[in-house]
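*Asks:* The structure follows.
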Amino acid sequence: MKVIPRVVCKLTGENGNIYNLLSIAINTLRKANLDKQAIEMKERVIMSHSYEEALNIIGKYVKIV
């Protein structure tokens with residue numbers, strides 16, 4: 001399995017709405033030229049069943065600070 005280092009994404013202090021956090025994380029991935037991962041993350045978050053699950057998914061793609 002190929003391990004891709006997670007890019008740093010500042011989410012602390014932001015509006016805690018999961019769609020806002022998702023948008024910030026997507027933009028962070030796109031700026032790092034990780035468009036495929038951004039799309040995959042978005043699809044997984046949208047299919048999640050809770051806020052905690054969605055946040056965990058985001059944390060697998062970016063390093064939340």
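So you can find residues: chains in the structure tokens are A, B, ... in the order shown, residues in each start at 1, and ligands are numbered from 1 in order.
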Would you list, as a PyMOL selection string, the residues of chain A that end up in strand (DSSP E) under DSSP run on this structure's backbone?
*Replies:* chain A and resi 7-9+62-64
*Asks:* Which residues are near region 26-41 of chain A? Cut-off 10 Å, only C-alpha atoms, ignore same chain within fewer than 3 positions. Put them as a PyMOL selection string.
*Replies:* chain A and resi 4+6-10+20-23+44-47+54+57-62
*Asks:* Please measure the separation of CA of Glu43 (chain A) and CA of Gly13 (chain A), giving the value in Å to one decimal.
*Replies:*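 We find that CA of Glu43 (chain A) and CA of Gly13 (chain A) lie 24.5 Å from each other.
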